[in-house]
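Note sheet for the following structure.
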6 protein chains.
Amino acid sequence: MLMKGYGNVAAKVERTDPDLLDRLRVAGVATVHEAMGRTGLLDARLRPIFPAAVAGGALTCLVPPGDNWMIHVALEQARPGDILVVSPTSPCTDGYFGDLLAMSAAAKGIIGLIIDAGVRDVSTLREMQFPVWSRCISAQGTVKETLGDVQFPLVCAGQLINPGDAIVADEDGVCVVPRALAAEVADRAEARASAEEAKRARYAAGELSLDINEMRDRLARKGLRYL
Amino acid sequence: MLMKGYGNVAAKVERTDPDLLDRLRVAGVATVHEAMGRTGLLDARLRPIFPAAVAGGALTCLVPPGDNWMIHVALEQARPGDILVVSPTSPCTDGYFGDLLAMSAAAKGIIGLIIDAGVRDVSTLREMQFPVWSRCISAQGTVKETLGDVQFPLVCAGQLINPGDAIVADEDGVCVVPRALAAEVADRAEARASAEEAKRARYAAGELSLDINEMRDRLARKGLRYL
Amino acid sequence: MLMKGYGNVAAKVERTDPDLLDRLRVAGVATVHEAMGRTGLLDARLRPIFPAAVAGGALTCLVPPGDNWMIHVALEQARPGDILVVSPTSPCTDGYFGDLLAMSAAAKGIIGLIIDAGVRDVSTLREMQFPVWSRCISAQGTVKETLGDVQFPLVCAGQLINPGDAIVADEDGVCVVPRALAAEVADRAEARASAEEAKRARYAAGELSLDINEMRDRLARKGLRYL
Amino acid sequence: MLMKGYGNVAAKVERTDPDLLDRLRVAGVATVHEAMGRTGLLDARLRPIFPAAVAGGALTCLVPPGDNWMIHVALEQARPGDILVVSPTSPCTDGYFGDLLAMSAAAKGIIGLIIDAGVRDVSTLREMQFPVWSRCISAQGTVKETLGDVQFPLVCAGQLINPGDAIVADEDGVCVVPRALAAEVADRAEARASAEEAKRARYAAGELSLDINEMRDRLARKGLRYL
Amino acid sequence: MLMKGYGNVAAKVERTDPDLLDRLRVAGVATVHEAMGRTGLLDARLRPIFPAAVAGGALTCLVPPGDNWMIHVALEQARPGDILVVSPTSPCTDGYFGDLLAMSAAAKGIIGLIIDAGVRDVSTLREMQFPVWSRCISAQGTVKETLGDVQFPLVCAGQLINPGDAIVADEDGVCVVPRALAAEVADRAEARASAEEAKRARYAAGELSLDINEMRDRLARKGLRYL
Amino acid sequence: MLMKGYGNVAAKVERTDPDLLDRLRVAGVATVHEAMGRTGLLDARLRPIFPAAVAGGALTCLVPPGDNWMIHVALEQARPGDILVVSPTSPCTDGYFGDLLAMSAAAKGIIGLIIDAGVRDVSTLREMQFPVWSRCISAQGTVKETLGDVQFPLVCAGQLINPGDAIVADEDGVCVVPRALAAEVADRAEARASAEEAKRARYAAGELSLDINEMRDRLARKGLRYL
């Protein structure tokens with residue numbers, strides 16, 4: 001008997017170090033994604049309901065279509081600095097999350113929501129400055145009848161997310177950094193940002209990346225022709 | 001001979017009481033939708049072109065694809081406080097409605113537009129503060145050749161809408177309340193809002209909905225396991 | 001041997017006259033599209049990352065999926081006032097363009113980007129006020145391995161665009177005006193705008209387009225019935 | 001108290017006359033849709049899982065997302081010749097219906113299924129020759145927890161369907177004919193088919209519709225130019 | 001006055017040589033597309049209504065949304081061996097083409113239809129063996145009110161098509177070959193097919209393309225690691 | 001240094017036992033998915049190019065958009081009975097796989113392809129009876145420039161797949177069974193199939209699932225009303 005089925009809560013989850021989270025947030029999604037070798041980016045269908053930038057530990061929550069019961073279960077597992085990550089077991093656009101859940105989540109220290117489904121009460125969420133990246137905005141109500149899982153690995157918008165992984169989200173989208181890689185990725189991201197910074201003045205002065213990055217020879221060998 | 005075909009305008013239409021409309025607008029789409037037993041919500045593909053919240057009587061207008069002639073016919077049927085509801089007879093993304101129609105609509109007392117198709121001149125509409133919920137923004141022009149219907153029941157974004165029904169729209173989407181139910185729905189929505197208000201302080205203080213709403217026993221009976 | 005294959009840069013391209021571009025920008029996309037007989041509009045899936053209005057000469061760039069190398073090649077061909085127009089050879093949502101490319105593009109006088117794919121670093125692009133109309137926002141990185149074309153005719157979001165054509169873009173979308181037609185279209189657009197201006201006061205005063213545009217007879221002949 | 005909420009079964013429903021159904025099936029969806037003045041067609045996303053042509057009385061069933069309980073309730077209400085029409089309360093692609101339900105439905109005399117969601121066991125359904133028009137094919141399982149409605153009016157794939165209405169479905173899609181119009185529509189459809197039949201030989205002989213239907217004058221008046 | 005507007009028919013159009021068309025049909029879409037340097041492929045949303053393979057000269061027809069009048073005009077311009085190519089001026093899924101038009105088209109020698117919209121009467125079209133590649137199947141009827149163009153260049157499913165260009169279509173999709181390139185493309189396609197043929201026995205015998213095409217060194221230089 | 005980057009091939013992979021694979025294939029996707037507690041189903045966008053049913057060990061291959069080089073690398077890692085599972089690093093519809101690769105794959109013992117992208121040469125693949133489940137059919141050619149991974153865990157169409165996992169695919173879709181669970185799932189699937197078999201005669205005789213599965217009491221307690 002190995003199959004676990006739905007209906008499980010893993011209470012003990014290691015989180016990513018807060019200092020690393022902070023460094024990842026500052027680096028931003030695009031740089032972090034590059035620093036990880038162009039891995040970890042969630043599907044671009046997830047969009048912020050207002051501009052924001054956060055990084056936190058993944059509090060994962062798998063939910064049935066049209067049923068938000070497990071989100072209520074998940075909130076109890078929150079630690080300050082967590083980001084709630086919600087994925088439905090089949091595609092769904094319902095509004096799983098609104099102002100009361102946001103108030104409760106914020107009270108437990110949750111700093112944002114990533115959901116591959118819908119949210120509602122978005123004008124209140126914006127007033128509260130509770131950041132959300134969602135598939136859509138929908139007022140469609142949900143029921144509380146069927147179990148899912150809390151704090152188990154899940155796939156959200158095309159990426160595998162383990163509980164406690166680092167989630168980085170800003171206007172460019174959402175990226176997951178495995179907890180064990182967070183330090184290495186933060187280092188690489190900062191190195192990348194520094195390298196870009198060094199070139200910024202040259203670009204602003206009108207130098208071309210063809211020259212800055214020495215692309216002309218390779219382009220010619222590939223067969224580029226100027227007519 | 002029972003079939004009516006296209007090309008009809010129903011001139012006499014009862015509207016929803018303005019006081020009820022006001023109460024529904026204050027309650028908001030998410031609460032109204034819940035108060036109706038989770039019915040009445042239009043598809044989430046309809047999005048506002050700028051944040052707004054309105055409630056009004058439905059002035060319904062069925063249009064052919066790529067043809068906005070009937071909108072011109074509909075404007076004559078407007079009464080102050082109406083919301084124009086436009087649905088194409090087959091899927092279409094063209095820009096049926098722009099600044100001149102908005103100016104004309106506003107002059108007739110129309111307070112907003114719900115359209116399962118495109119609109120244009122959106123920067124002007126925003127300056128005019130004429131609220132629109134649409135499927136998309138598109139400058140694609142339309143012709144004036146083929147008839148539809150005005151003030152007949154239609155399906156818009158998945159919901160049946162009768163002329164004079166209450167339309168409630170805000171950042172969460174668009175909901176239709178049948179005219180005969182508007183009073184009951186307003187009462188229920190306000191009761192629901194009060195009940196939520198009462199719990200708000202408890203959520204803010206960190207109490208969980210698991211406890212506030214006594215979910216733990218039922219979750220256990222469903223088989224929830226903490227590992 | 002007539003086939004050109006990919007990997008070509010056409011260095012000599014005639015641009016649209018700057019005065020005409022300015023007149024087209026003022027007229028706006030919806031009016032320009034109407035003035036061209038309802039032609040030239042790119043698909044409505046292209047949306048601005050922030051509200052803006054520009055008109056410029058098309059600097060066209062055909063790119064492979066997930067490969068932005070040719071954008072680097074294209075920047076060298078820019079002239080002040082150009083708008084970069086990027087289309088992938090097959091559907092792609094990757095983030096081809098970010099802050100460094102925007103800085104470089106701006107330094108070469110490029111005033112905006114039209115791309116039937118993704119962009120990233122959008123918060124920085126907004127701070128820089130570098131306007132972009134794109135299919136989506138995505139941090140997904142791209143490679144530099146495969147050639148495309150620069151300054152050759154291409155299809156972008158459903159419209160044929162020749163290098164040097166006038167591109168007009170605002171909140172309503174993006175329109176292309178063939179260079180040879182720009183003067184005629186600017187004239188027609190201004191005539192149309194004047195004609196609309198003349199009617200504006202009548203609409204604002206509550207007159208109906210049914211009367212202003214004398215539609216009633218034709219509607220009756222088509223069979224419109226008032227019940 | 002007017003609101004009904006979910007959880008209702010209307011046991012008494014008048015069906016469309018079987019002879020009329022047969023005449024509508026023979027006419028086919030495209031002709032019936034034209035005979036109704038181009039109304040009644042369900043969205044083209046509904047496709048047959050194998051080629052078939054049926055007409056029957058609508059046995060309507062509104063279901064929550066991911067929950068097929070009400071289909072079990074609906075089967076008891078079936079009368080021989082019915083077509084089961086299933087619509088979810090919010091968009092869903094789960095597999096609500098498989099071989100056991102098909103066997104049960106067939107045993108109760110149901111002759112087909114229209115569902116704006118998914119079905120499974122399609123190879124068995126094809127062997128059984130149980131016709132289905134669905135939004136997709138998906139093995140995704142559903143739960144039995146939440147009520148919907150049986151034999152109440154619903155919107156399915158964009159059309160209002162009343163219990164007992166005539167449903168006509170073939171390779172071209174699905175059309176609903178209100179019960180009260182079925183006789184008139186059958187007459188008109190047959191008249192239309194006869195008129196087309198009369199012209200068929202002329203088309204086959206190479207005569208053009210421009211001449212058969214005397215379009216040339218009207219085209220010229222609209223401004224058609226031969227260059 | 002340069003703008004042409006809609007409503008034009010170009011009566012004189014050069015077609016691609018029938019022998020070349022035959023050679024392109026035999027080569028097939030995938031090989032022709034490769035032989036053109038991976039250009040010319042229409043969007044994959046166009047699918048055959050039954051398996052078929054044809055090549056013919058493009059008879060182009062631009063139509064308004066929901067209006068098939070110009071198809072009637074186009075049929076008069078047909079020459080034996082033509083393929084009718086229909087594109088709407090804005091996205092549309094209506095059923096523009098059915099059995100009567102197919103009968104008329106076949107009588108004029110048209111050997112197939114490419115349409116970025118819907119078709120109907122598909123069971124009859126299959127019986128007639130009239131091949132169609134379409135965006136969808138829909139019974140939705142269209143009107144005859146507004147002009148488009150016949151035998152002018154148009155964009156269909158993302159590709160520019162000039163009247164008389166070679167259209168090649170099979171189960172893999174649809175490809176356009178500019179008339180002036182048809183001979184060169186046919187030569188290259190046959191060379192490519194021969195080259196592939198020569199390798200076929202080696203693949204069947206279990207040899208790997210890594211060896212047949214000598215990829216191992218280049219993969220190693222790119223950094224491929226076997227763990 | 002923990003980050004692996006792209007460009008890796010894991011040569012040693014344990015496969016699922018062939019007898020278990022055979023039992024899973026016989027049970028079919030819908031039953032296997034239910035037996036796993038409704039987990040493991042890939043997104044319904046993957047459809048077979050012709051009806052088929054297979055089960056095999058996952059040979060995983062992560063590919064860049066528009067680049068099929070790694071598929072060539074993957075074939076060398078095949079063992080008889082494997083199913084090739086291909087997922088792009090960002091959404092792509094290009095035709096990664098055609099007749100030559102199919103011939104090579106079949107020669108290495110691969111029994112099918114699951115790909116969240118496009119395939120081509122589908123008429124030849126059908127003649128060869130090489131089964132494919134794909135997102136689309138597209139002739140669009142790909143390049144060989146950029147590395148991915150072979151035999152590493154990946155997400156394909158929303159499900160995590162580990163090398164060597166059991167892949168089950170038929171007309172209902174595609175399901176993944178983790179290797180360690182294959183025996184338990186096969187047992188449960190067969191038990192489920194037996195239980196359904198036992199009820200089949202009762203359904204065929206017209207008994208209702210309401211009675212067979214004793215649903216009436218629970219429905220009544222939920223509030224079901226017969227009007």
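Naming works like this for the structure tokens: A, B, ... for the chains as they're shown, residue 1 at the start of each chain, ligands 1 onward in shown order.
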Interface rows for chain D against chain B: nearest pair, Å to one decimal, 12 Å, only C-alpha atoms, as CSV:
```
residue,atom,partner,partner_atom,distance
D:Met1,CA,B:Glu184,CA,6.9
D:Leu2,CA,B:Leu181,CA,6.4
D:Met3,CA,B:Leu181,CA,6.7
D:Lys4,CA,B:Gly37,CA,8.4
D:Gly5,CA,B:Gly37,CA,5.3
D:Tyr6,CA,B:Gly37,CA,7.2
D:Gly7,CA,B:Gly37,CA,10.6
D:His33,CA,B:Gly5,CA,11.5
D:Glu34,CA,B:Gly5,CA,10.4
D:Ala35,CA,B:Met3,CA,9.6
D:Met36,CA,B:Gly5,CA,7.1
D:Gly37,CA,B:Gly5,CA,5.3
D:Arg38,CA,B:Gly5,CA,8.2
D:Thr39,CA,B:Thr89,CA,7.9
D:Gly40,CA,B:Thr89,CA,9.6
D:Leu41,CA,B:Ser90,CA,9.1
D:Leu42,CA,B:Ser90,CA,9.6
D:Asp43,CA,B:Ser90,CA,8.1
D:Ala44,CA,B:Ser90,CA,9.6
D:Arg45,CA,B:Pro91,CA,11.2
D:Leu62,CA,B:Thr39,CA,11.3
D:Pro64,CA,B:Arg38,CA,10.4
D:Ser87,CA,B:Gly158,CA,10.5
D:Pro88,CA,B:Gly158,CA,10.8
D:Thr89,CA,B:Thr39,CA,7.9
D:Ser90,CA,B:Asp43,CA,8.1
D:Pro91,CA,B:Asp43,CA,8.5
D:Asp116,CA,B:Gly158,CA,11.5
D:Glu145,CA,B:Lys222,CA,11.6
D:Leu147,CA,B:Gly37,CA,11.5
D:Gly148,CA,B:Gly37,CA,10.8
D:Asp149,CA,B:Thr39,CA,11.9
D:Pro153,CA,B:Leu160,CA,9.8
D:Leu154,CA,B:Leu160,CA,8.4
D:Val155,CA,B:Gly158,CA,6.4
D:Cys156,CA,B:Gly158,CA,7.8
D:Ala157,CA,B:Gly158,CA,7.3
D:Gly158,CA,B:Gly158,CA,5.3
D:Gln159,CA,B:Val155,CA,6.6
D:Leu160,CA,B:Leu160,CA,7.0
D:Ile161,CA,B:Leu160,CA,10.3
D:Asn162,CA,B:Leu160,CA,11.9
D:Val177,CA,B:Met3,CA,10.5
D:Pro178,CA,B:Met3,CA,9.7
D:Arg179,CA,B:Leu2,CA,11.1
D:Ala180,CA,B:Leu2,CA,7.9
D:Leu181,CA,B:Leu2,CA,6.4
D:Ala182,CA,B:Met3,CA,9.8
D:Ala183,CA,B:Met1,CA,9.8
D:Glu184,CA,B:Met1,CA,6.9
D:Val185,CA,B:Met3,CA,8.2
D:Ala186,CA,B:Met3,CA,11.9
D:Asp187,CA,B:Met1,CA,10.9
D:Arg188,CA,B:Met3,CA,10.5
D:Lys222,CA,B:Glu145,CA,11.6
```
Just write the chosen residues, C-alpha atoms, as a PDB file, in the first residue's frame.
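out-v2.pdb written:
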```pdb
ATOM      1  CA  MET D   1     -39.464  33.621  -1.528  1.00  0.00           C
ATOM      2  CA  LEU D   2     -38.998  33.144  -5.246  1.00  0.00           C
ATOM      3  CA  MET D   3     -35.443  31.934  -5.617  1.00  0.00           C
ATOM      4  CA  LYS D   4     -35.292  28.235  -6.182  1.00  0.00           C
ATOM      5  CA  GLY D   5     -31.590  27.488  -5.649  1.00  0.00           C
ATOM      6  CA  TYR D   6     -30.077  24.253  -6.965  1.00  0.00           C
ATOM      7  CA  GLY D   7     -31.346  20.773  -6.165  1.00  0.00           C
ATOM      8  CA  HIS D  33     -30.872  26.339 -38.184  1.00  0.00           C
ATOM      9  CA  GLU D  34     -31.586  28.268 -41.404  1.00  0.00           C
ATOM     10  CA  ALA D  35     -35.296  27.425 -41.175  1.00  0.00           C
ATOM     11  CA  MET D  36     -35.371  29.020 -37.718  1.00  0.00           C
ATOM     12  CA  GLY D  37     -34.013  32.258 -39.124  1.00  0.00           C
ATOM     13  CA  ARG D  38     -30.432  31.354 -38.201  1.00  0.00           C
ATOM     14  CA  THR D  39     -31.115  30.886 -34.517  1.00  0.00           C
ATOM     15  CA  GLY D  40     -30.710  28.001 -32.101  1.00  0.00           C
ATOM     16  CA  LEU D  41     -27.216  26.751 -32.935  1.00  0.00           C
ATOM     17  CA  LEU D  42     -25.038  25.671 -30.012  1.00  0.00           C
ATOM     18  CA  ASP D  43     -21.409  26.779 -29.993  1.00  0.00           C
ATOM     19  CA  ALA D  44     -19.177  24.977 -32.495  1.00  0.00           C
ATOM     20  CA  ARG D  45     -16.925  23.719 -29.673  1.00  0.00           C
ATOM     21  CA  LEU D  62     -27.241  21.277 -14.806  1.00  0.00           C
ATOM     22  CA  PRO D  64     -21.418  21.575 -10.796  1.00  0.00           C
ATOM     23  CA  SER D  87     -24.180  21.862 -18.885  1.00  0.00           C
ATOM     24  CA  PRO D  88     -21.770  22.733 -16.050  1.00  0.00           C
ATOM     25  CA  THR D  89     -22.375  25.772 -13.833  1.00  0.00           C
ATOM     26  CA  SER D  90     -18.859  26.969 -14.629  1.00  0.00           C
ATOM     27  CA  PRO D  91     -16.468  25.944 -17.437  1.00  0.00           C
ATOM     28  CA  ASP D 116     -20.513  21.158 -22.701  1.00  0.00           C
ATOM     29  CA  GLU D 145     -21.227  15.693  -3.669  1.00  0.00           C
ATOM     30  CA  LEU D 147     -26.634  19.160  -6.382  1.00  0.00           C
ATOM     31  CA  GLY D 148     -27.644  20.836  -9.627  1.00  0.00           C
ATOM     32  CA  ASP D 149     -30.988  20.756 -11.451  1.00  0.00           C
ATOM     33  CA  PRO D 153     -34.226  25.577 -18.396  1.00  0.00           C
ATOM     34  CA  LEU D 154     -30.481  25.975 -18.800  1.00  0.00           C
ATOM     35  CA  VAL D 155     -27.925  27.560 -21.110  1.00  0.00           C
ATOM     36  CA  CYS D 156     -25.740  24.978 -22.877  1.00  0.00           C
ATOM     37  CA  ALA D 157     -22.910  26.125 -25.172  1.00  0.00           C
ATOM     38  CA  GLY D 158     -24.541  29.536 -25.558  1.00  0.00           C
ATOM     39  CA  GLN D 159     -28.187  28.562 -26.216  1.00  0.00           C
ATOM     40  CA  LEU D 160     -31.185  28.511 -23.894  1.00  0.00           C
ATOM     41  CA  ILE D 161     -32.678  25.020 -23.761  1.00  0.00           C
ATOM     42  CA  ASN D 162     -36.015  24.224 -22.161  1.00  0.00           C
ATOM     43  CA  VAL D 177     -35.772  23.996 -31.610  1.00  0.00           C
ATOM     44  CA  PRO D 178     -38.270  25.297 -29.039  1.00  0.00           C
ATOM     45  CA  ARG D 179     -41.038  22.734 -28.673  1.00  0.00           C
ATOM     46  CA  ALA D 180     -43.750  25.190 -29.703  1.00  0.00           C
ATOM     47  CA  LEU D 181     -41.931  25.943 -32.960  1.00  0.00           C
ATOM     48  CA  ALA D 182     -41.071  22.396 -33.961  1.00  0.00           C
ATOM     49  CA  ALA D 183     -43.938  21.940 -36.419  1.00  0.00           C
ATOM     50  CA  GLU D 184     -43.379  25.279 -38.115  1.00  0.00           C
ATOM     51  CA  VAL D 185     -39.633  24.712 -38.297  1.00  0.00           C
ATOM     52  CA  ALA D 186     -40.069  21.220 -39.753  1.00  0.00           C
ATOM     53  CA  ASP D 187     -42.346  22.663 -42.465  1.00  0.00           C
ATOM     54  CA  ARG D 188     -39.936  25.466 -43.283  1.00  0.00           C
ATOM     55  CA  LYS D 222     -22.990  47.830 -53.851  1.00  0.00           C
TER      56      LYS D 222
END
```
(request) DSSP on the backbone, then: every residue of stretch 140-186 of chain C marked helix (DSSP H, G or I), written as a ChimeraX atom specification. (result) /C:179-186
(request) Could you give me, as a count of residues only, the residues within 12 Å of B:Cys136, counting only C-alpha atoms and dropping anything in the same chain fewer than 6 positions from it? (result) 29
(message) Applying 12 Å and only C-alpha atoms, which residues near stretch 11-13 of chain A remain after dropping the ones on its own chain fewer than 3 positions away? List them as a VMD selection string.
(response) (chain A and resid 8 16 57 to 60 73 to 79 82 149 to 153 162 to 165 179) or (chain B and resid 225 to 227)
(message) Let's see if you can do this: from backbone DSSP, list all strand (DSSP E) residues in stretch 58-193 of chain A, as a PyMOL selection string.
(response) chain A and resi 58-63+82-88+112-119+132-137+149-150+154-156+159-161+166-170+173-177
For the residues in the current selection, export N, CA and C atoms as a short mmCIF file (atom, residue, chain, number, x, y, z; two decimals), in the first residue's frame.
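So result.cif came out as:
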```
data_model
loop_
_atom_site.label_atom_id
_atom_site.label_comp_id
_atom_site.auth_asym_id
_atom_site.auth_seq_id
_atom_site.Cartn_x
_atom_site.Cartn_y
_atom_site.Cartn_z
N ALA A 58 6.89 28.30 -0.44
CA ALA A 58 5.66 27.76 -1.00
C ALA A 58 4.86 26.99 0.04
N LEU A 59 3.61 27.43 0.24
CA LEU A 59 2.62 26.67 1.02
C LEU A 59 1.67 26.08 0.00
N THR A 60 1.87 24.80 -0.36
CA THR A 60 1.15 24.24 -1.52
C THR A 60 -0.21 23.67 -1.14
N CYS A 61 -1.15 23.81 -2.05
CA CYS A 61 -2.52 23.41 -1.79
C CYS A 61 -3.16 22.91 -3.08
N LEU A 62 -3.48 21.63 -3.13
CA LEU A 62 -4.13 21.03 -4.31
C LEU A 62 -5.63 20.98 -4.05
N VAL A 63 -6.41 21.52 -4.99
CA VAL A 63 -7.86 21.64 -4.77
C VAL A 63 -8.64 20.99 -5.91
N ASP A 82 5.22 32.97 4.10
CA ASP A 82 4.79 31.98 3.09
C ASP A 82 4.02 32.63 1.95
N ILE A 83 4.09 31.98 0.79
CA ILE A 83 3.22 32.31 -0.33
C ILE A 83 2.34 31.09 -0.59
N LEU A 84 1.05 31.32 -0.62
CA LEU A 84 0.11 30.22 -0.86
C LEU A 84 0.08 29.90 -2.35
N VAL A 85 0.28 28.62 -2.69
CA VAL A 85 0.30 28.17 -4.08
C VAL A 85 -0.84 27.17 -4.28
N VAL A 86 -1.82 27.55 -5.08
CA VAL A 86 -3.03 26.73 -5.25
C VAL A 86 -3.15 26.25 -6.68
N SER A 87 -3.36 24.93 -6.84
CA SER A 87 -3.53 24.36 -8.17
C SER A 87 -4.72 23.42 -8.16
N PRO A 88 -5.61 23.53 -9.16
CA PRO A 88 -6.75 22.62 -9.22
C PRO A 88 -6.36 21.29 -9.87
N GLY A 112 1.30 36.45 -0.08
CA GLY A 112 0.81 36.49 -1.46
C GLY A 112 0.19 35.17 -1.85
N LEU A 113 -0.49 35.18 -2.99
CA LEU A 113 -1.18 33.99 -3.51
C LEU A 113 -0.81 33.79 -4.97
N ILE A 114 -0.47 32.53 -5.30
CA ILE A 114 -0.30 32.09 -6.69
C ILE A 114 -1.38 31.06 -6.93
N ILE A 115 -2.26 31.27 -7.91
CA ILE A 115 -3.37 30.34 -8.11
C ILE A 115 -3.66 30.15 -9.60
N ASP A 116 -3.64 28.88 -10.02
CA ASP A 116 -3.93 28.58 -11.43
C ASP A 116 -5.44 28.40 -11.61
N ALA A 117 -6.17 29.41 -11.16
CA ALA A 117 -7.62 29.43 -11.22
C ALA A 117 -8.02 30.89 -10.99
N GLY A 118 -9.28 31.13 -10.53
CA GLY A 118 -9.74 32.51 -10.38
C GLY A 118 -9.72 33.02 -8.96
N VAL A 119 -9.76 34.33 -8.82
CA VAL A 119 -9.95 35.00 -7.53
C VAL A 119 -11.05 36.06 -7.67
N VAL A 132 -1.71 38.96 -5.64
CA VAL A 132 -2.21 37.72 -6.21
C VAL A 132 -1.77 37.60 -7.66
N TRP A 133 -1.30 36.42 -8.04
CA TRP A 133 -1.08 36.06 -9.44
C TRP A 133 -2.07 34.95 -9.74
N SER A 134 -2.96 35.19 -10.71
CA SER A 134 -4.02 34.22 -10.97
C SER A 134 -4.21 34.01 -12.46
N ARG A 135 -4.94 32.95 -12.78
CA ARG A 135 -5.27 32.67 -14.17
C ARG A 135 -6.35 33.61 -14.68
N CYS A 136 -7.24 34.01 -13.78
CA CYS A 136 -8.31 34.92 -14.18
C CYS A 136 -8.94 35.52 -12.95
N ILE A 137 -9.83 36.46 -13.18
CA ILE A 137 -10.64 37.04 -12.12
C ILE A 137 -12.06 36.55 -12.35
N ASP A 149 -4.94 18.12 -1.16
CA ASP A 149 -3.74 17.95 -0.32
C ASP A 149 -3.17 19.31 0.08
N VAL A 150 -2.50 19.34 1.22
CA VAL A 150 -1.79 20.54 1.66
C VAL A 150 -0.35 20.18 1.97
N LEU A 154 3.22 19.52 -5.93
CA LEU A 154 2.17 19.61 -6.94
C LEU A 154 2.74 20.29 -8.19
N VAL A 155 2.00 20.17 -9.28
CA VAL A 155 2.32 20.92 -10.49
C VAL A 155 1.36 22.09 -10.57
N CYS A 156 1.91 23.31 -10.67
CA CYS A 156 1.08 24.51 -10.79
C CYS A 156 1.51 25.26 -12.05
N GLN A 159 4.78 23.84 -13.66
CA GLN A 159 6.03 23.63 -12.93
C GLN A 159 5.80 22.80 -11.68
N LEU A 160 6.73 21.91 -11.39
CA LEU A 160 6.69 21.15 -10.14
C LEU A 160 7.09 22.07 -8.98
N ILE A 161 6.27 22.09 -7.94
CA ILE A 161 6.57 22.92 -6.77
C ILE A 161 6.53 22.05 -5.54
N ALA A 166 11.27 28.17 -2.87
CA ALA A 166 11.16 29.63 -2.98
C ALA A 166 10.30 29.99 -4.18
N ILE A 167 9.29 30.83 -3.94
CA ILE A 167 8.46 31.36 -5.01
C ILE A 167 8.81 32.84 -5.19
N VAL A 168 9.14 33.22 -6.41
CA VAL A 168 9.45 34.62 -6.71
C VAL A 168 8.41 35.09 -7.72
N ALA A 169 7.80 36.24 -7.46
CA ALA A 169 6.74 36.72 -8.35
C ALA A 169 6.81 38.22 -8.49
N ASP A 170 6.70 38.69 -9.72
CA ASP A 170 6.60 40.13 -9.95
C ASP A 170 5.81 40.36 -11.24
N GLY A 173 5.89 37.68 -14.02
CA GLY A 173 5.33 36.35 -13.83
C GLY A 173 5.78 35.72 -12.52
N VAL A 174 5.83 34.39 -12.52
CA VAL A 174 6.11 33.64 -11.29
C VAL A 174 7.15 32.57 -11.58
N CYS A 175 8.13 32.43 -10.68
CA CYS A 175 9.20 31.46 -10.85
C CYS A 175 9.35 30.67 -9.56
N VAL A 176 9.65 29.37 -9.68
CA VAL A 176 9.93 28.56 -8.50
C VAL A 176 11.41 28.20 -8.46
N VAL A 177 12.01 28.34 -7.28
CA VAL A 177 13.41 27.96 -7.07
C VAL A 177 13.43 26.84 -6.02
#
```
(message) Using only C-alpha atoms, can you tell me which of C:Met70, C:Val32, C:Ile212, C:Ala139 comes closest to C:Leu20?
(response)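 Among C:Met70, C:Val32, C:Ile212, C:Ala139, it is C:Val32 that comes nearest to C:Leu20.
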(request) Find the spatial neighbours of C:Ala195, counting only C-alpha atoms, within a cut-off of 12 Å - ignore same-chain residues fewer than 5 positions away - and output them as a PyMOL selection string. (result) (chain B and resi 100) or (chain C and resi 31+188-190+200-201+212-213)
(request) Figure out the distance between atom CA of F:Thr124 and atom CA of F:Phe50, please, to one decimal in Å. (result)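 Computing the Euclidean distance for atom CA of F:Phe50 and atom CA of F:Thr124 yields 11.5 Å.
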(message) I'd like the neighbourhood of C:Asp67 as a list in words, where a residue qualifies if any of its atoms comes within 6 Å (using only C-alpha atoms), though same-chain residues fewer than 4 positions away should be ignored.
(response) Thr142, Val143 and Lys144 of chain C
